[in-house]
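Novice: Got target-v6.tsv for you, TSV, C-alpha atoms and all ligand atoms:
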```
chain	number	residue	atom	x	y	z
A	1	MET	CA	36.44	116.67	126.36
A	2	THR	CA	36.81	120.41	126.06
A	3	ARG	CA	35.85	122.46	123.06
A	4	GLU	CA	36.56	126.14	123.52
A	5	VAL	CA	38.63	129.12	122.42
A	6	ALA	CA	40.87	130.78	125.00
A	7	VAL	CA	41.29	134.40	123.96
A	8	LEU	CA	44.84	135.60	124.63
A	9	GLY	CA	44.77	138.99	122.92
A	10	THR	CA	42.28	141.18	121.10
A	11	ALA	CA	44.08	144.34	119.90
A	12	SER	CA	44.77	145.25	116.31
A	13	GLN	CA	48.07	146.92	115.42
A	14	VAL	CA	49.27	147.93	118.90
A	15	PRO	CA	48.53	146.51	122.34
A	16	THR	CA	46.71	148.69	124.85
A	17	ARG	CA	46.57	148.65	128.66
A	18	HIS	CA	43.69	146.16	128.48
A	19	ARG	CA	44.25	144.38	125.19
A	20	ASN	CA	47.28	142.36	124.19
A	21	HIS	CA	48.25	141.68	120.57
A	22	ASN	CA	46.22	138.80	119.07
A	23	GLY	CA	46.38	135.19	120.19
A	24	TYR	CA	43.68	132.48	120.32
A	25	LEU	CA	44.06	128.93	121.60
A	26	LEU	CA	41.47	126.53	120.20
A	27	ARG	CA	40.92	123.36	122.22
A	28	PHE	CA	38.98	120.79	120.20
A	29	ASP	CA	39.31	117.66	122.34
A	30	ASP	CA	42.91	116.53	121.82
A	31	GLU	CA	43.60	118.96	118.97
A	32	VAL	CA	45.00	122.21	120.36
A	33	ILE	CA	45.69	124.92	117.80
A	34	LEU	CA	47.30	128.27	118.54
A	35	PHE	CA	46.15	130.94	116.09
A	36	ASP	CA	48.06	134.17	115.40
A	37	PRO	CA	50.44	134.48	118.34
A	38	GLY	CA	51.11	138.20	118.59
A	39	GLU	CA	53.75	139.76	120.83
A	40	GLY	CA	53.30	138.73	124.46
A	41	THR	CA	51.39	135.50	123.74
A	42	GLN	CA	53.69	133.41	125.93
A	43	ARG	CA	52.90	135.55	128.98
A	44	GLN	CA	49.20	135.75	128.14
A	45	MET	CA	49.12	131.92	128.15
A	46	LEU	CA	50.66	131.99	131.61
A	47	MET	CA	48.03	134.48	132.78
A	48	ALA	CA	45.31	132.24	131.29
A	49	GLY	CA	46.69	129.16	133.06
A	50	LEU	CA	47.62	127.49	129.78
A	51	ALA	CA	50.76	125.50	128.97
A	52	VAL	CA	52.38	125.19	125.54
A	53	SER	CA	52.77	121.41	125.86
A	54	PRO	CA	49.29	120.44	124.54
A	55	ILE	CA	49.71	122.57	121.37
A	56	THR	CA	49.52	120.33	118.32
A	57	ARG	CA	49.77	123.01	115.64
A	58	ILE	CA	50.10	126.74	115.06
A	59	CYS	CA	48.21	128.66	112.37
A	60	ILE	CA	49.35	132.10	111.22
A	61	THR	CA	47.00	134.11	109.04
A	62	HIS	CA	49.65	136.60	107.88
A	63	PHE	CA	52.94	138.14	108.84
A	64	HIS	CA	51.89	141.42	110.37
A	65	GLY	CA	53.42	141.81	113.82
A	66	ASP	CA	50.15	141.77	115.74
A	67	HIS	CA	49.57	138.21	114.41
A	68	SER	CA	53.05	136.73	114.49
A	69	LEU	CA	55.61	138.55	116.68
A	70	GLY	CA	54.87	136.07	119.47
A	71	LEU	CA	55.91	133.07	117.37
A	72	PRO	CA	59.61	133.13	118.41
A	73	GLY	CA	58.74	133.06	122.10
A	74	ILE	CA	56.22	130.26	121.69
A	75	LEU	CA	58.58	128.11	119.59
A	76	GLN	CA	61.43	128.62	122.05
A	77	ARG	CA	59.13	127.77	124.95
A	78	ILE	CA	58.01	124.57	123.19
A	79	SER	CA	61.69	123.66	122.97
A	80	LEU	CA	62.44	124.63	126.59
A	81	ASP	CA	59.48	122.58	127.86
A	82	LYS	CA	60.65	119.57	125.81
A	83	VAL	CA	57.30	119.08	124.11
A	84	PRO	CA	57.71	115.51	122.83
A	85	HIS	CA	55.33	115.55	119.86
A	86	PRO	CA	55.74	117.32	116.49
A	87	VAL	CA	54.11	120.75	116.19
A	88	ALA	CA	53.03	121.76	112.68
A	89	VAL	CA	53.15	125.43	111.74
A	90	HIS	CA	50.91	126.72	108.96
A	91	TYR	CA	51.45	130.15	107.39
A	92	PRO	CA	51.21	131.79	103.96
A	93	ALA	CA	53.95	130.32	101.76
A	94	GLN	CA	54.59	133.77	100.31
A	95	GLY	CA	55.77	134.84	103.76
A	96	GLN	CA	58.50	132.19	103.99
A	97	GLU	CA	61.24	134.80	104.64
A	98	PHE	CA	59.32	136.14	107.65
A	99	TYR	CA	58.73	132.63	108.97
A	100	ASP	CA	62.44	131.81	108.63
A	101	ARG	CA	63.41	134.90	110.63
A	102	LEU	CA	60.86	134.31	113.37
A	103	ARG	CA	61.80	130.62	113.57
A	104	HIS	CA	65.40	131.52	114.30
A	105	ALA	CA	64.97	134.97	115.80
A	106	THR	CA	67.52	134.45	118.60
A	107	SER	CA	69.93	131.80	119.77
A	108	TYR	CA	68.45	128.94	121.81
A	109	TRP	CA	68.77	125.22	122.31
A	110	ASP	CA	66.50	124.15	119.51
A	111	ASN	CA	65.36	120.59	120.15
A	112	ALA	CA	61.64	120.75	119.39
A	113	ASP	CA	60.09	118.96	116.44
A	114	ILE	CA	58.67	121.98	114.60
A	115	VAL	CA	57.22	121.02	111.21
A	116	PRO	CA	56.71	123.92	108.79
A	117	ALA	CA	53.69	123.27	106.57
A	118	PRO	CA	53.07	126.44	104.55
A	119	VAL	CA	49.76	127.20	102.89
A	120	ALA	CA	49.50	128.13	99.21
A	121	GLY	CA	46.67	128.42	96.71
A	122	ALA	CA	43.13	127.48	97.73
A	123	THR	CA	43.49	123.71	98.11
A	124	PHE	CA	45.33	123.39	101.41
A	125	ALA	CA	43.99	120.65	103.67
A	126	ALA	CA	45.51	118.87	106.67
A	127	GLU	CA	43.94	115.95	108.50
A	128	THR	CA	43.95	116.50	112.26
A	129	SER	CA	42.62	114.47	115.18
A	130	ALA	CA	39.61	116.80	115.19
A	131	GLY	CA	38.86	116.71	111.48
A	132	ARG	CA	40.00	118.51	108.36
A	133	LEU	CA	41.85	121.81	108.59
A	134	THR	CA	41.50	123.93	105.46
A	135	ALA	CA	42.64	127.42	104.50
A	136	LEU	CA	41.54	129.99	101.93
A	137	PRO	CA	43.22	133.23	100.81
A	138	LEU	CA	41.74	136.48	102.08
A	139	TRP	CA	41.96	140.10	100.94
A	140	HIS	CA	44.51	142.18	102.88
A	141	SER	CA	47.63	144.27	102.22
A	142	LEU	CA	49.83	141.15	102.12
A	143	PRO	CA	49.17	137.41	101.59
A	144	THR	CA	46.66	136.32	104.25
A	145	TYR	CA	44.78	133.07	104.88
A	146	GLY	CA	41.72	132.25	106.94
A	147	TYR	CA	41.38	128.79	108.49
A	148	ARG	CA	38.54	126.38	109.08
A	149	LEU	CA	38.35	123.16	111.08
A	150	THR	CA	35.57	120.75	110.14
A	151	GLU	CA	34.82	117.69	112.22
A	152	PRO	CA	33.36	114.80	110.18
A	153	ASP	CA	29.84	113.65	110.98
A	154	GLY	CA	29.59	110.77	113.42
A	155	ARG	CA	26.79	108.47	114.55
A	156	ARG	CA	25.02	108.41	117.86
A	157	MET	CA	23.49	105.14	119.06
A	158	VAL	CA	19.85	105.47	120.13
A	159	PRO	CA	19.15	103.33	123.26
A	160	ALA	CA	15.44	102.89	122.43
A	161	LEU	CA	16.25	101.55	118.97
A	162	LEU	CA	18.94	99.24	120.36
A	163	ALA	CA	16.42	97.88	122.88
A	164	GLU	CA	13.86	97.37	120.12
A	165	HIS	CA	16.35	95.09	118.36
A	166	HIS	CA	17.42	93.43	121.64
A	167	ILE	CA	21.01	94.60	121.28
A	168	ASP	CA	22.96	95.37	124.43
A	169	GLY	CA	26.33	94.92	126.14
A	170	PRO	CA	29.34	94.00	123.96
A	171	ALA	CA	27.06	93.48	120.95
A	172	VAL	CA	26.69	97.27	120.66
A	173	GLY	CA	30.44	97.71	120.11
A	174	GLU	CA	30.45	94.81	117.67
A	175	LEU	CA	27.67	96.45	115.65
A	176	GLN	CA	29.52	99.79	115.66
A	177	ARG	CA	32.73	98.19	114.43
A	178	ALA	CA	31.22	95.92	111.79
A	179	GLY	CA	28.40	98.23	110.66
A	180	ARG	CA	25.87	95.43	111.14
A	181	LEU	CA	24.94	92.63	113.52
A	182	GLY	CA	22.99	89.82	111.92
A	183	ASP	CA	20.11	91.49	110.10
A	184	VAL	CA	20.44	94.80	111.97
A	185	THR	CA	22.42	97.58	110.32
A	186	LEU	CA	24.01	100.55	112.04
A	187	ASP	CA	21.61	103.11	110.55
A	188	GLN	CA	18.62	101.21	112.00
A	189	VAL	CA	19.77	101.85	115.56
A	190	SER	CA	21.64	105.16	115.32
A	191	VAL	CA	21.29	108.70	113.99
A	192	ILE	CA	23.81	111.00	112.36
A	193	ARG	CA	25.58	113.31	114.79
A	194	PRO	CA	26.71	116.30	112.71
A	195	GLY	CA	30.34	117.28	113.25
A	196	GLN	CA	31.15	120.65	114.76
A	197	SER	CA	33.14	123.31	112.95
A	198	PHE	CA	35.20	126.40	113.62
A	199	ALA	CA	36.46	129.25	111.44
A	200	PHE	CA	39.14	131.86	112.05
A	201	VAL	CA	39.04	134.96	109.85
A	202	MET	CA	41.50	137.77	110.52
A	203	ASP	CA	42.56	140.86	108.62
A	204	THR	CA	40.57	140.97	105.45
A	205	GLY	CA	38.16	143.08	103.50
A	206	LEU	CA	34.92	141.42	102.48
A	207	CYS	CA	35.50	138.72	99.85
A	208	ASP	CA	33.90	135.43	98.84
A	209	ASN	CA	36.32	133.36	100.89
A	210	VAL	CA	35.22	135.05	104.12
A	211	TYR	CA	31.77	133.55	103.50
A	212	ALA	CA	33.21	130.21	102.35
A	213	LEU	CA	35.21	129.84	105.55
A	214	ALA	CA	32.30	130.86	107.79
A	215	GLU	CA	29.63	128.75	106.04
A	216	GLY	CA	27.54	127.02	108.70
A	217	VAL	CA	30.20	126.94	111.41
A	218	ASP	CA	29.33	126.53	115.08
A	219	LEU	CA	31.90	129.09	116.17
A	220	LEU	CA	33.37	131.95	114.13
A	221	VAL	CA	36.21	134.14	115.38
A	222	ILE	CA	36.42	137.12	113.05
A	223	GLU	CA	38.12	140.48	112.93
A	224	SER	CA	36.02	143.53	113.70
A	225	THR	CA	38.60	146.27	113.48
A	226	PHE	CA	36.43	149.26	112.67
A	227	LEU	CA	33.05	150.89	113.27
A	228	ASN	CA	30.70	152.17	110.56
A	229	GLU	CA	32.10	155.70	110.73
A	230	ASP	CA	35.40	154.34	109.35
A	231	LYS	CA	33.90	151.93	106.83
A	232	SER	CA	35.54	153.47	103.77
A	233	MET	CA	38.96	153.33	105.40
A	234	ALA	CA	38.31	149.70	106.40
A	235	GLU	CA	37.64	148.87	102.75
A	236	MET	CA	40.76	150.70	101.64
A	237	VAL	CA	43.14	148.90	104.00
A	238	GLY	CA	41.52	145.43	103.92
A	239	HIS	CA	39.61	145.22	107.18
A	240	LEU	CA	36.04	144.61	108.37
A	241	THR	CA	33.61	146.64	110.42
A	242	ALA	CA	31.63	145.06	113.24
A	243	ALA	CA	28.46	145.29	111.15
A	244	GLN	CA	30.10	143.59	108.17
A	245	ALA	CA	31.45	140.78	110.37
A	246	ALA	CA	28.00	140.25	111.88
A	247	ALA	CA	26.34	140.26	108.45
A	248	VAL	CA	28.78	137.57	107.33
A	249	ALA	CA	27.72	135.49	110.35
A	250	ARG	CA	24.05	135.94	109.47
A	251	GLU	CA	24.43	135.16	105.77
A	252	SER	CA	26.66	132.16	106.47
A	253	GLY	CA	24.42	130.59	109.12
A	254	VAL	CA	26.99	130.85	111.91
A	255	ARG	CA	25.78	129.74	115.36
A	256	LYS	CA	28.07	131.74	117.64
A	257	LEU	CA	30.04	134.84	116.70
A	258	VAL	CA	33.20	136.12	118.37
A	259	LEU	CA	34.31	139.63	117.40
A	260	SER	CA	37.93	140.62	118.02
A	261	HIS	CA	40.96	142.56	116.66
A	262	PHE	CA	39.63	145.94	117.74
A	263	SER	CA	41.24	149.22	116.73
A	264	GLN	CA	42.56	151.19	119.68
A	265	ARG	CA	41.03	154.37	118.24
A	266	TYR	CA	37.70	153.62	119.92
A	267	GLN	CA	37.41	154.06	123.69
A	268	ASP	CA	34.13	152.23	124.20
A	269	ALA	CA	34.10	148.60	122.97
A	270	SER	CA	30.33	148.30	123.49
A	271	ARG	CA	29.89	150.29	120.26
A	272	PHE	CA	31.07	147.21	118.32
A	273	LEU	CA	28.21	145.24	119.84
A	274	ASP	CA	25.74	148.06	119.14
A	275	GLU	CA	26.63	147.96	115.45
A	276	ALA	CA	26.83	144.16	115.17
A	277	ARG	CA	23.58	143.34	116.98
A	278	PRO	CA	21.12	144.54	114.27
A	279	GLU	CA	22.90	142.30	111.72
A	280	PHE	CA	23.02	138.99	113.63
A	281	ALA	CA	20.39	137.51	115.92
A	282	GLY	CA	22.57	134.71	117.33
A	283	GLU	CA	24.99	134.84	120.24
A	284	ILE	CA	27.67	137.53	119.89
A	285	VAL	CA	30.77	137.61	122.08
A	286	LEU	CA	32.92	140.74	122.22
A	287	ALA	CA	36.31	139.20	122.85
A	288	GLU	CA	38.23	140.28	125.93
A	289	ASP	CA	41.73	139.15	126.87
A	290	LEU	CA	41.86	135.90	128.88
A	291	MET	CA	38.22	135.06	128.16
A	292	ARG	CA	37.21	131.42	127.47
A	293	VAL	CA	34.55	130.98	124.80
A	294	PRO	CA	32.94	127.52	124.75
A	295	PHE	CA	31.48	125.99	121.59
A	296	PRO	CA	27.69	126.27	121.55
A	297	ALA	CA	25.93	123.15	122.80
A	298	ARG	CA	25.02	120.65	120.10
A	299	THR	CA	21.45	121.11	119.01
A	300	SER	CA	18.96	118.56	120.37
A	301	SER	CA	18.60	116.82	117.01
A	302	GLU	CA	22.30	115.98	117.21
A	401	ZN	ZN	45.98	142.73	112.48
A	402	ZN	ZN	47.16	142.70	109.09
```
Here is a file; write its structure as structure tokens.

Specialist:
Amino acid sequence: MTREVAVLGTASQVPTRHRNHNGYLLRFDDEVILFDPGEGTQRQMLMAGLAVSPITRICITHFHGDHSLGLPGILQRISLDKVPHPVAVHYPAQGQEFYDRLRHATSYWDNADIVPAPVAGATFAAETSAGRLTALPLWHSLPTYGYRLTEPDGRRMVPALLAEHHIDGPAVGELQRAGRLGDVTLDQVSVIRPGQSFAFVMDTGLCDNVYALAEGVDLLVIESTFLNEDKSMAEMVGHLTAAQAAAVARESGVRKLVLSHFSQRYQDASRFLDEARPEFAGEIVLAEDLMRVPFPARTSSE
């Protein structure tokens, strides 16, 4: 089972020679979620060796072009490739007119099962095969939502404890299904395996919901548009600096941090890392197009 994010694009506002508009494909076992398909996402998926057919849902944070101009191409490709399963699309309900235009941007043979499921308020939740998908409003120049996927806790059987109670073979499955076997209960022979979690935070100034989305996640993909020298402008237009994004990761107990959505005004991307590093001691990934970022390994107690 694969758990990773394939980075398809990392540029804010305009693409550059080395950075496409945004696009991130999360693989969480059988749940495959495409986040913020910017212009060119269809071709970036080709370059990354990824097909549209496994996509189970699409999440759009907001209707700026760098996060959504690739939606028409992806939807038409899903139709062309005869993807047999329904594909849910989540987006801010206030942007319905933009969704409607992108959904029917040009003429094509539309035979895919695309299920619009807009997000409104702060109570959105969808049950997926990987766990609960939630969304919270962020602070930007138009309605914007961040997303979070939370896998429920499971249980891991402990062979030594099973042996102690002389349980083996088909009896193990029986115990797992029924919760007990004779006098032996499930919690006597297993430990809790905490679920993994993922958050996606794009285009926002600092606000409480940034922290709420990031709280304790294994993997956080977050915008890091500006450097410290442009901090006041970042605050004015609803964006984060690399240092702010890294401080969020520290304060929220994030395990692995992925910085992306870089402004093209800076020539040297390593400066984002220089400014993020003092704020966050964990693993930091500066996103590059076509990079695969695996979830961090489960901790040994899991
Ligand atoms: Zn953007
Ligand atoms: Zn934006």

Novice: For a quick check of understanding, using all atoms listed in the file, which of A:Arg277, A:Arg265, A:Lys231, A:Arg19 has the smallest distance to Ala247 in chain A?

Specialist: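 Looking only at the distances to Ala247 in chain A, the closest residue turns out to be A:Arg277.
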
Novice: Please return, as a short mmCIF file (atom, residue, chain, number, x, y, z; two decimals) with C-alpha atoms, in the coordinates of the input, all polymer residues that have at least one atom within 7 Å of the point (27.4, 111.5, 111.4); use all atoms listed in the file and the file's own coordinate frame.

Specialist:
```
data_model
loop_
_atom_site.label_atom_id
_atom_site.label_comp_id
_atom_site.auth_asym_id
_atom_site.auth_seq_id
_atom_site.Cartn_x
_atom_site.Cartn_y
_atom_site.Cartn_z
CA PRO A 152 33.36 114.80 110.18
CA ASP A 153 29.84 113.65 110.98
CA GLY A 154 29.59 110.77 113.42
CA ARG A 155 26.79 108.47 114.55
CA ILE A 192 23.81 111.00 112.36
CA ARG A 193 25.58 113.31 114.79
CA PRO A 194 26.71 116.30 112.71
CA GLY A 195 30.34 117.28 113.25
#
```

Novice: Determine, counting only C-alpha atoms, which protein, DNA and RNA residues have an atom within 9 Å of an atom of Ile284 in chain A; residues of the same chain fewer than 3 positions away are not included. Present the result as a compact mmCIF listing (two decimals) with C-alpha atoms, in the frame of the given file.

Specialist:
```
# COMPACT_ATOMS: atom_id res chain seq x y z
CA ALA A 246 28.00 140.25 111.88
CA LYS A 256 28.07 131.74 117.64
CA LEU A 257 30.04 134.84 116.70
CA VAL A 258 33.20 136.12 118.37
CA LEU A 259 34.31 139.63 117.40
CA LEU A 273 28.21 145.24 119.84
CA ALA A 276 26.83 144.16 115.17
CA ARG A 277 23.58 143.34 116.98
CA PHE A 280 23.02 138.99 113.63
CA ALA A 281 20.39 137.51 115.92
```

Novice: Taking a cut-off of 6 Å and counting all atoms listed in the file, can you build a table that, for each residue of chain A near ligand ZN 401 (chain A), reports the nearest atom pair and how far apart they are in Å (one decimal), sorted by chain then residue number, as a tab-separated table?

Specialist:
```
residue	atom	partner	partner_atom	distance
A:Ser12	CA	A:ZN401	ZN	4.7
A:Gln13	CA	A:ZN401	ZN	5.5
A:Asp66	CA	A:ZN401	ZN	5.4
A:Asp203	CA	A:ZN401	ZN	5.5
```

Novice: Dump the neighbourhood of ligand ZN 402 (chain A) as a list in words: all residues within 8 Å, distances computed on all atoms listed in the file.

Specialist: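 Listed by chain and ascending number, the contacts are Gln13, His62, Phe63, His64, Gly65, Asp66, His67, His140, Ser141, Leu142, Met202, Asp203 and Thr204 of chain A.
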
Novice: Which is closest to Thr128 in chain A among A:Leu227, A:Val32, A:Leu102, A:Ala6, if we use all atoms listed in the file?

Specialist: A:Val32

Novice: To one decimal place in Å, what is the distance between CA of Leu133 in chain A and CA of Leu149 in chain A?

Specialist: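 If I compute the distance from CA of Leu133 in chain A to CA of Leu149 in chain A, I get 4.5 Å.
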
Novice: Report the centre and edge lengths, in Å to one decimal, of an axis-aligned box enclosing every atom of range 86-98 of chain A listed in the file, padded by 8 Å on each side, as lines of an AutoDock Vina configuration file.

Specialist:
```
center_x = 56.1
center_y = 126.7
center_z = 108.4
size_x = 26.3
size_y = 34.8
size_z = 32.2
```

Novice: Please tabulate, as a Markdown table, the residues of range 176-207 of chain A that come within 12 Å of range 161-164 of chain A, each with its closest pair of atoms and the distance in Å to one decimal, counting all atoms listed in the file and ordering rows by chain, then residue number upward.

Specialist:
```
| residue | atom | partner | partner_atom | distance |
| --- | --- | --- | --- | --- |
| A:Gln176 | CA | A:Leu162 | CA | 11.6 |
| A:Leu181 | CA | A:Leu162 | CA | 11.2 |
| A:Val184 | CA | A:Leu162 | CA | 9.6 |
| A:Thr185 | CA | A:Leu162 | CA | 10.8 |
| A:Leu186 | CA | A:Leu162 | CA | 9.8 |
| A:Asp187 | CA | A:Leu161 | CA | 10.1 |
| A:Gln188 | CA | A:Leu161 | CA | 7.4 |
| A:Val189 | CA | A:Leu161 | CA | 4.9 |
| A:Ser190 | CA | A:Leu161 | CA | 7.4 |
| A:Val191 | CA | A:Leu161 | CA | 10.1 |
```

Novice: Taking 5 positions as the minimum chain separation for residues in the same chain, which residues sit within 7 Å of Ile78 in chain A when counting all atoms listed in the file? Answer as a list of chain:residue names.

Specialist: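 Everything that qualifies: A:Val52, A:Ser53, A:Val83, A:Ala112.
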
Novice: Might you pull out every residue within 7 Å of Arg3 in chain A, with only C-alpha atoms counted and same-chain residues fewer than 4 positions away left off, and present them as a PyMOL selection string?

Specialist: chain A and resi 27-29+294-295

Novice: Which polymer residues have any atom within 12 Å of an atom of Glu235 in chain A, counting all atoms listed in the file, with same-chain residues fewer than 5 positions away left out, as a ChimeraX atom specification?

Specialist: /A:139-141,203-207,225-230,240-241,244

Novice: Kindly save the residues from that selection, with C-alpha atoms included, as a short mmCIF file (atom, residue, chain, number, x, y, z; two decimals), keeping the file's coordinate frame.

Specialist:
```cif
data_model
loop_
_atom_site.label_atom_id
_atom_site.label_comp_id
_atom_site.auth_asym_id
_atom_site.auth_seq_id
_atom_site.Cartn_x
_atom_site.Cartn_y
_atom_site.Cartn_z
CA TRP A 139 41.96 140.10 100.94
CA HIS A 140 44.51 142.18 102.88
CA SER A 141 47.63 144.27 102.22
CA ASP A 203 42.56 140.86 108.62
CA THR A 204 40.57 140.97 105.45
CA GLY A 205 38.16 143.08 103.50
CA LEU A 206 34.92 141.42 102.48
CA CYS A 207 35.50 138.72 99.85
CA THR A 225 38.60 146.27 113.48
CA PHE A 226 36.43 149.26 112.67
CA LEU A 227 33.05 150.89 113.27
CA ASN A 228 30.70 152.17 110.56
CA GLU A 229 32.10 155.70 110.73
CA ASP A 230 35.40 154.34 109.35
CA LEU A 240 36.04 144.61 108.37
CA THR A 241 33.61 146.64 110.42
CA GLN A 244 30.10 143.59 108.17
#
```

Novice: Give me the residues within 12 Å of Gln96 in chain A as a ChimeraX atom specification, counting all atoms listed in the file and dropping any in the same chain fewer than 2 places off.

Specialist: /A:60,62-63,89-94,98-103,116-120,143

Novice: Of the candidates A:Glu215, A:Glu31, A:Glu151, A:Glu127, which shows the shortest atom-to-atom distance to Val5 in chain A, using all atoms listed in the file?

Specialist: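 For Val5 in chain A, the nearest of the given residues is A:Glu31.
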
Novice: Using only C-alpha atoms, pick whichever of A:Val285, A:Leu25, A:Ile114, A:Ala249 has the shortest atom-to-atom distance to Gly9 in chain A.

Specialist: A:Leu25

Novice: Have a look at CA of Arg148 in chain A and CA of Gly38 in chain A and let me know their distance in Å, one decimal.

Specialist: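 Spanning CA of Arg148 in chain A to CA of Gly38 in chain A is a straight-line distance of 19.7 Å.
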
Novice: Just the number, please: distance in Å from CA of Ala214 in chain A to CA of Ser252 in chain A, one decimal.

Specialist: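 Separation of CA of Ala214 in chain A and CA of Ser252 in chain A: 5.9 Å.
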
Novice: Measuring between only C-alpha atoms, which one of A:Ser263, A:Ser232, A:Thr150, A:Thr123 shows the shortest distance to Asp218 in chain A?

Specialist: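 Checking each candidate against Asp218 in chain A, we get A:Thr150 as the closest.
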
Novice: Output: range 222-228 of chain A of the preceding structure, restricted to all heavy atoms, written as a CSV table (one decimal), in the first residue's frame.

Specialist:
```csv
chain,number,residue,atom,x,y,z
A,222,ILE,N,2.0,22.8,2.7
A,222,ILE,CA,1.6,24.2,3.1
A,222,ILE,C,2.2,25.2,2.2
A,222,ILE,O,3.4,25.0,1.7
A,222,ILE,CB,1.8,24.4,4.6
A,222,ILE,CG1,1.2,25.8,5.0
A,222,ILE,CG2,3.3,24.4,4.9
A,222,ILE,CD1,1.2,25.9,6.6
A,223,GLU,N,1.5,26.2,1.9
A,223,GLU,CA,2.1,27.3,1.0
A,223,GLU,C,3.2,28.1,1.8
A,223,GLU,O,3.1,28.2,3.0
A,223,GLU,CB,1.0,28.3,0.6
A,223,GLU,CG,0.5,29.2,1.7
A,223,GLU,CD,0.5,30.6,1.3
A,223,GLU,OE1,1.6,31.1,0.9
A,223,GLU,OE2,-0.6,31.3,1.3
A,224,SER,N,4.2,28.5,1.0
A,224,SER,CA,5.3,29.2,1.5
A,224,SER,C,5.7,30.2,0.4
A,224,SER,O,6.7,30.1,-0.2
A,224,SER,CB,6.4,28.1,1.8
A,224,SER,OG,7.7,28.7,1.9
A,225,THR,N,4.8,31.1,0.2
A,225,THR,CA,4.9,32.0,-1.0
A,225,THR,C,6.1,32.9,-0.9
A,225,THR,O,6.8,33.2,-1.9
A,225,THR,CB,3.6,32.8,-1.2
A,225,THR,OG1,2.5,31.9,-1.1
A,225,THR,CG2,3.6,33.5,-2.5
A,226,PHE,N,6.2,33.5,0.3
A,226,PHE,CA,7.2,34.6,0.5
A,226,PHE,C,8.3,34.3,1.5
A,226,PHE,O,8.2,33.4,2.3
A,226,PHE,CB,6.4,35.9,0.9
A,226,PHE,CG,5.5,36.4,-0.1
A,226,PHE,CD1,4.1,36.3,0.0
A,226,PHE,CD2,6.0,37.0,-1.3
A,226,PHE,CE1,3.2,36.8,-0.9
A,226,PHE,CE2,5.1,37.5,-2.3
A,226,PHE,CZ,3.8,37.4,-2.1
A,227,LEU,N,9.3,35.2,1.4
A,227,LEU,CA,10.4,35.2,2.4
A,227,LEU,C,10.2,36.4,3.4
A,227,LEU,O,9.3,37.2,3.1
A,227,LEU,CB,11.7,35.4,1.7
A,227,LEU,CG,12.2,34.2,0.8
A,227,LEU,CD1,13.4,34.6,-0.1
A,227,LEU,CD2,12.5,33.0,1.6
A,228,ASN,N,10.9,36.4,4.4
A,228,ASN,CA,10.8,37.4,5.5
A,228,ASN,C,10.8,38.8,5.0
A,228,ASN,O,10.0,39.7,5.5
A,228,ASN,CB,11.9,37.2,6.5
A,228,ASN,CG,11.5,36.2,7.6
A,228,ASN,OD1,10.3,36.0,7.9
A,228,ASN,ND2,12.5,35.5,8.1
```
